[in-house]
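First up is the structure itself, then whatever we jot down about it.
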Amino acid sequence: MGAEEFIPDQLTLESLREAASGCRGCDLWEDATQTVFGDGGKHANVMLIGEQPGDREDIEGKPFVGPAGRILDEGLEAAQIARTSVYVTNAVKHFRFTRRGKRRLHEKPNSQQVRACRPWLQAEVETVRPSLLVLLGATAAQSLLGPTFRVTQHRGKVIPTPLGIPAVATVHPSSILRAPDGAAREEAMAAFIADLRSVKRQLG
Ligand code: URA
Ligand code: SF4
């Protein structure tokens, strides 16, 4: 199990995307519509890393184009980070879900699936060579920093990663959508924006 054997020799975003479309490194490709590879500038200086594609992303084939993507866009705009200047991807490239009638409900990828998919993330980082990574939620953070990392303890701060590129961790935008009421949601959004402003300051 694992994506290693599918990684092409030549690392370009085009060759990676093409190869990832045929990845069978774990069982998630079987039920999903397609591989949702990262998207954005070849030489973007910041790479945003989410968890896995959601229902919309699975259908459209692009990361963060659904409800979580709207929250992300709102946050980036408030922090004055142009979405066109970033590369956006996920820790896991296929949508994991359970069927509930006609609906497909998001299910968190397990640690083996996250590990299986990590070679793609690593190859994207090596190819784009951003100056900063933004870890959106626990799955992205744990993919790069291990299971003991706690976003709540480190959010908004610059931390080193084993890939040699520093990162800022924050919450996943979907957690803001799940806030129990309007006040909690506003507070969560303000904290998310504060973390993205810290990203902006790092970029200078
Ligand atoms: N959530 C993610 O983590 N990634 C997406 O691409 C969409 C929703
Ligand atoms: Fe390959 Fe990742 Fe999809 Fe698993 S989730 S099949 S490792 S691309």
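FYI, nothing fancy with the structure tokens labels: chains A, B, ... in order, residues from 1 per chain, ligands from 1 as they appear.
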
- Message: Please return as a PyMOL selection string the residues found within 9 Å of ligand 2, counting only C-alpha atoms and all ligand atoms.
- Response: chain A and resi 1-4+6+20-30+32+34-37+52+91-96+109+113-120

Please, could you write that set of residues out with N, CA and C atoms as a short mmCIF file (atom, residue, chain, number, x, y, z; two decimals), in the first residue's frame?
data_model
loop_
_atom_site.label_atom_id
_atom_site.label_comp_id
_atom_site.auth_asym_id
_atom_site.auth_seq_id
_atom_site.Cartn_x
_atom_site.Cartn_y
_atom_site.Cartn_z
N MET A 1 0.85 -1.21 0.00
CA MET A 1 0.00 0.00 0.00
C MET A 1 0.88 1.25 0.00
N GLY A 2 0.49 2.23 -0.79
CA GLY A 2 1.22 3.49 -0.84
C GLY A 2 1.38 3.98 -2.26
N ALA A 3 1.55 5.29 -2.38
CA ALA A 3 1.61 5.92 -3.70
C ALA A 3 3.01 5.91 -4.31
N GLU A 4 4.04 5.52 -3.55
CA GLU A 4 5.44 5.62 -4.04
C GLU A 4 5.61 5.12 -5.46
N PHE A 6 3.80 4.97 -7.88
CA PHE A 6 3.13 5.71 -8.95
C PHE A 6 3.78 7.06 -9.23
N ALA A 20 -0.97 10.83 -11.02
CA ALA A 20 -1.87 10.71 -9.87
C ALA A 20 -3.27 10.28 -10.31
N SER A 21 -3.62 10.60 -11.55
CA SER A 21 -4.96 10.22 -12.02
C SER A 21 -5.12 8.70 -12.07
N GLY A 22 -4.00 7.98 -12.13
CA GLY A 22 -4.08 6.52 -12.15
C GLY A 22 -3.61 5.86 -10.87
N CYS A 23 -3.49 6.64 -9.80
CA CYS A 23 -2.96 6.07 -8.54
C CYS A 23 -3.91 5.03 -7.95
N ARG A 24 -3.31 3.94 -7.50
CA ARG A 24 -4.05 2.88 -6.80
C ARG A 24 -3.34 2.56 -5.48
N GLY A 25 -2.76 3.61 -4.90
CA GLY A 25 -1.91 3.42 -3.71
C GLY A 25 -2.66 3.06 -2.44
N CYS A 26 -3.98 3.25 -2.42
CA CYS A 26 -4.81 2.76 -1.32
C CYS A 26 -6.19 2.47 -1.92
N ASP A 27 -7.14 2.10 -1.08
CA ASP A 27 -8.44 1.68 -1.64
C ASP A 27 -9.39 2.83 -1.98
N LEU A 28 -8.98 4.07 -1.73
CA LEU A 28 -9.94 5.17 -1.88
C LEU A 28 -10.31 5.48 -3.33
N TRP A 29 -9.48 5.10 -4.28
CA TRP A 29 -9.80 5.40 -5.68
C TRP A 29 -11.04 4.65 -6.15
N GLU A 30 -11.36 3.53 -5.49
CA GLU A 30 -12.41 2.65 -6.01
C GLU A 30 -13.78 3.31 -6.04
N ALA A 32 -14.41 6.71 -5.38
CA ALA A 32 -14.40 8.14 -5.72
C ALA A 32 -14.54 8.32 -7.23
N GLN A 34 -12.80 10.67 -9.11
CA GLN A 34 -11.52 10.95 -9.75
C GLN A 34 -10.50 11.41 -8.70
N THR A 35 -9.25 11.38 -9.10
CA THR A 35 -8.20 11.96 -8.25
C THR A 35 -8.35 13.48 -8.30
N VAL A 36 -8.34 14.11 -7.14
CA VAL A 36 -8.37 15.58 -7.12
C VAL A 36 -6.96 16.05 -6.75
N PHE A 37 -6.20 16.41 -7.77
CA PHE A 37 -4.83 16.83 -7.53
C PHE A 37 -4.81 18.30 -7.14
N GLN A 52 -8.90 16.30 2.44
CA GLN A 52 -9.22 15.48 1.27
C GLN A 52 -10.32 16.20 0.52
N ALA A 91 -4.07 16.59 1.75
CA ALA A 91 -3.22 15.50 2.25
C ALA A 91 -3.57 14.19 1.55
N VAL A 92 -4.86 14.02 1.22
CA VAL A 92 -5.36 12.81 0.57
C VAL A 92 -6.08 13.24 -0.71
N LYS A 93 -5.82 12.56 -1.80
CA LYS A 93 -6.30 13.03 -3.11
C LYS A 93 -7.61 12.42 -3.59
N HIS A 94 -8.15 11.46 -2.85
CA HIS A 94 -9.47 10.91 -3.21
C HIS A 94 -10.47 11.15 -2.08
N PHE A 95 -11.71 11.32 -2.46
CA PHE A 95 -12.81 11.57 -1.52
C PHE A 95 -13.20 10.29 -0.79
N ARG A 96 -13.16 10.31 0.53
CA ARG A 96 -13.65 9.18 1.31
C ARG A 96 -15.02 9.54 1.86
N PRO A 109 -10.28 10.44 6.40
CA PRO A 109 -9.35 9.38 5.98
C PRO A 109 -8.62 8.83 7.20
N GLN A 113 -4.36 5.62 5.13
CA GLN A 113 -4.66 6.31 3.86
C GLN A 113 -3.87 7.61 3.75
N VAL A 114 -3.77 8.32 4.86
CA VAL A 114 -2.99 9.56 4.87
C VAL A 114 -1.53 9.24 4.55
N ARG A 115 -1.01 8.19 5.15
CA ARG A 115 0.38 7.80 4.91
C ARG A 115 0.55 7.33 3.46
N ALA A 116 -0.40 6.57 2.95
CA ALA A 116 -0.32 6.06 1.58
C ALA A 116 -0.25 7.21 0.57
N CYS A 117 -0.95 8.28 0.86
CA CYS A 117 -1.05 9.40 -0.09
C CYS A 117 0.06 10.43 0.07
N ARG A 118 0.81 10.35 1.14
CA ARG A 118 1.81 11.39 1.42
C ARG A 118 2.85 11.58 0.31
N PRO A 119 3.27 10.52 -0.40
CA PRO A 119 4.25 10.75 -1.49
C PRO A 119 3.79 11.79 -2.51
N TRP A 120 2.49 11.87 -2.76
CA TRP A 120 2.00 12.90 -3.70
C TRP A 120 2.21 14.30 -3.13
#

Closest-contact table, chain A side, partner ligand 1, 12 Å, counting only C-alpha atoms and all ligand atoms, as a tab-separated table:
residue	atom	partner	partner_atom_place_in_ligand_line	distance
A:Thr35	CA	ligand 1	6 (O)	11.1
A:Val36	CA	ligand 1	6 (O)	7.8
A:Phe37	CA	ligand 1	6 (O)	9.1
A:Gly38	CA	ligand 1	6 (O)	8.6
A:Asp39	CA	ligand 1	6 (O)	9.9
A:Leu48	CA	ligand 1	4 (N)	9.7
A:Ile49	CA	ligand 1	3 (O)	7.4
A:Gly50	CA	ligand 1	3 (O)	3.7
A:Glu51	CA	ligand 1	3 (O)	3.6
A:Gln52	CA	ligand 1	3 (O)	4.4
A:Pro53	CA	ligand 1	6 (O)	3.9
A:Gly54	CA	ligand 1	8 (C)	4.7
A:Asp55	CA	ligand 1	7 (C)	8.0
A:Arg56	CA	ligand 1	7 (C)	7.7
A:Glu57	CA	ligand 1	6 (O)	5.9
A:Asp58	CA	ligand 1	6 (O)	8.5
A:Ile59	CA	ligand 1	6 (O)	11.1
A:Glu60	CA	ligand 1	6 (O)	10.3
A:Gly61	CA	ligand 1	6 (O)	9.2
A:Lys62	CA	ligand 1	6 (O)	7.0
A:Pro63	CA	ligand 1	6 (O)	3.6
A:Phe64	CA	ligand 1	6 (O)	3.7
A:Val65	CA	ligand 1	7 (C)	6.7
A:Gly66	CA	ligand 1	7 (C)	6.4
A:Pro67	CA	ligand 1	8 (C)	7.4
A:Ala68	CA	ligand 1	8 (C)	5.1
A:Gly69	CA	ligand 1	7 (C)	6.2
A:Arg70	CA	ligand 1	7 (C)	9.7
A:Ile71	CA	ligand 1	8 (C)	9.9
A:Leu72	CA	ligand 1	8 (C)	9.4
A:Asp73	CA	ligand 1	7 (C)	11.7
A:Tyr87	CA	ligand 1	6 (O)	11.8
A:Val88	CA	ligand 1	6 (O)	8.0
A:Thr89	CA	ligand 1	6 (O)	6.7
A:Asn90	CA	ligand 1	4 (N)	5.7
A:Ala91	CA	ligand 1	3 (O)	7.8
A:Val92	CA	ligand 1	3 (O)	8.4
A:Lys93	CA	ligand 1	6 (O)	8.6
A:His94	CA	ligand 1	6 (O)	9.6
A:Phe95	CA	ligand 1	5 (C)	9.0
A:Arg96	CA	ligand 1	2 (C)	11.0
A:His106	CA	ligand 1	1 (N)	9.3
A:Glu107	CA	ligand 1	1 (N)	11.1
A:Lys108	CA	ligand 1	3 (O)	9.7
A:Pro109	CA	ligand 1	3 (O)	10.5
A:Leu135	CA	ligand 1	3 (O)	10.0
A:Leu136	CA	ligand 1	3 (O)	7.3
A:Gly137	CA	ligand 1	3 (O)	8.1
A:Ala138	CA	ligand 1	3 (O)	10.1
A:Thr139	CA	ligand 1	3 (O)	8.5
A:Ala140	CA	ligand 1	3 (O)	8.4
A:Ala141	CA	ligand 1	3 (O)	11.7
A:Val171	CA	ligand 1	3 (O)	10.5
A:His172	CA	ligand 1	3 (O)	7.0
A:Pro173	CA	ligand 1	1 (N)	7.4
A:Ser174	CA	ligand 1	1 (N)	6.7
A:Ser175	CA	ligand 1	1 (N)	9.9
A:Ile176	CA	ligand 1	1 (N)	11.7
A:Leu177	CA	ligand 1	8 (C)	11.2

- Message: Taking the DSSP secondary structure from the backbone, can you list the residues of segment 54-130 of chain A that are strand (DSSP E), as a list in words?
- Response: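 Taking segment 54-130 of chain A and keeping strand (DSSP E) only, one gets Val86, Tyr87, Val88, Thr89, Asn90, Phe97, Thr98, Arg99, Arg100, Arg103, Arg104, Leu105 and His106 of chain A.
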
- Step one, run DSSP on the backbone; step two, keep only residues of segment 119-193 of chain A assigned to alpha helix (DSSP H); then write them as a PyMOL selection string. chain A and resi 119-128+138-145+151-154+173-177+182-193

- Task: Mind checking which residues fall within 12 Å of Gly204 of chain A, counting only C-alpha atoms, ignoring those fewer than 5 positions away in the same chain, and posting them as number ranges by chain?
- Result: A: 45-46, 80-81, 131-132, 197-199

- Just the residues within 10 Å of segment 9-15 of chain A, please, counting only C-alpha atoms, with nothing from its chain fewer than 6 positions along; format it as a list in words. Phe37, Gly38, Asp39, Gly40, Gly41, Lys42, Ala123, Glu124, Glu126, Thr127 and Val128 of chain A

Output of the above residues as a tab-separated table (two decimals), in the first residue's frame, restricted to N, CA and C atoms:
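Listing of part-v1.tsv after writing:
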chain	number	residue	atom	x	y	z
A	37	PHE	N	-6.20	16.41	-7.77
A	37	PHE	CA	-4.83	16.83	-7.53
A	37	PHE	C	-4.81	18.30	-7.14
A	38	GLY	N	-3.64	18.78	-6.69
A	38	GLY	CA	-3.52	20.18	-6.31
A	38	GLY	C	-3.70	21.11	-7.51
A	39	ASP	N	-3.87	22.38	-7.20
A	39	ASP	CA	-4.15	23.34	-8.25
A	39	ASP	C	-3.54	24.69	-7.87
A	40	GLY	N	-2.92	25.35	-8.83
A	40	GLY	CA	-2.38	26.68	-8.54
A	40	GLY	C	-1.08	26.92	-9.27
A	41	GLY	N	-0.45	28.03	-8.92
A	41	GLY	CA	0.75	28.46	-9.62
A	41	GLY	C	1.91	27.51	-9.43
A	42	LYS	N	2.63	27.26	-10.52
A	42	LYS	CA	3.80	26.41	-10.54
A	42	LYS	C	4.85	26.84	-9.53
A	123	ALA	N	5.83	15.14	-3.24
A	123	ALA	CA	6.25	15.45	-4.61
A	123	ALA	C	5.77	16.84	-5.03
A	124	GLU	N	4.57	17.20	-4.60
A	124	GLU	CA	4.06	18.55	-4.92
A	124	GLU	C	4.94	19.60	-4.25
A	126	GLU	N	8.05	19.31	-3.33
A	126	GLU	CA	9.37	19.34	-3.99
A	126	GLU	C	9.32	20.03	-5.35
A	127	THR	N	8.20	19.95	-6.00
A	127	THR	CA	8.07	20.54	-7.34
A	127	THR	C	7.78	22.04	-7.28
A	128	VAL	N	6.85	22.41	-6.42
A	128	VAL	CA	6.46	23.84	-6.34
A	128	VAL	C	7.48	24.63	-5.51
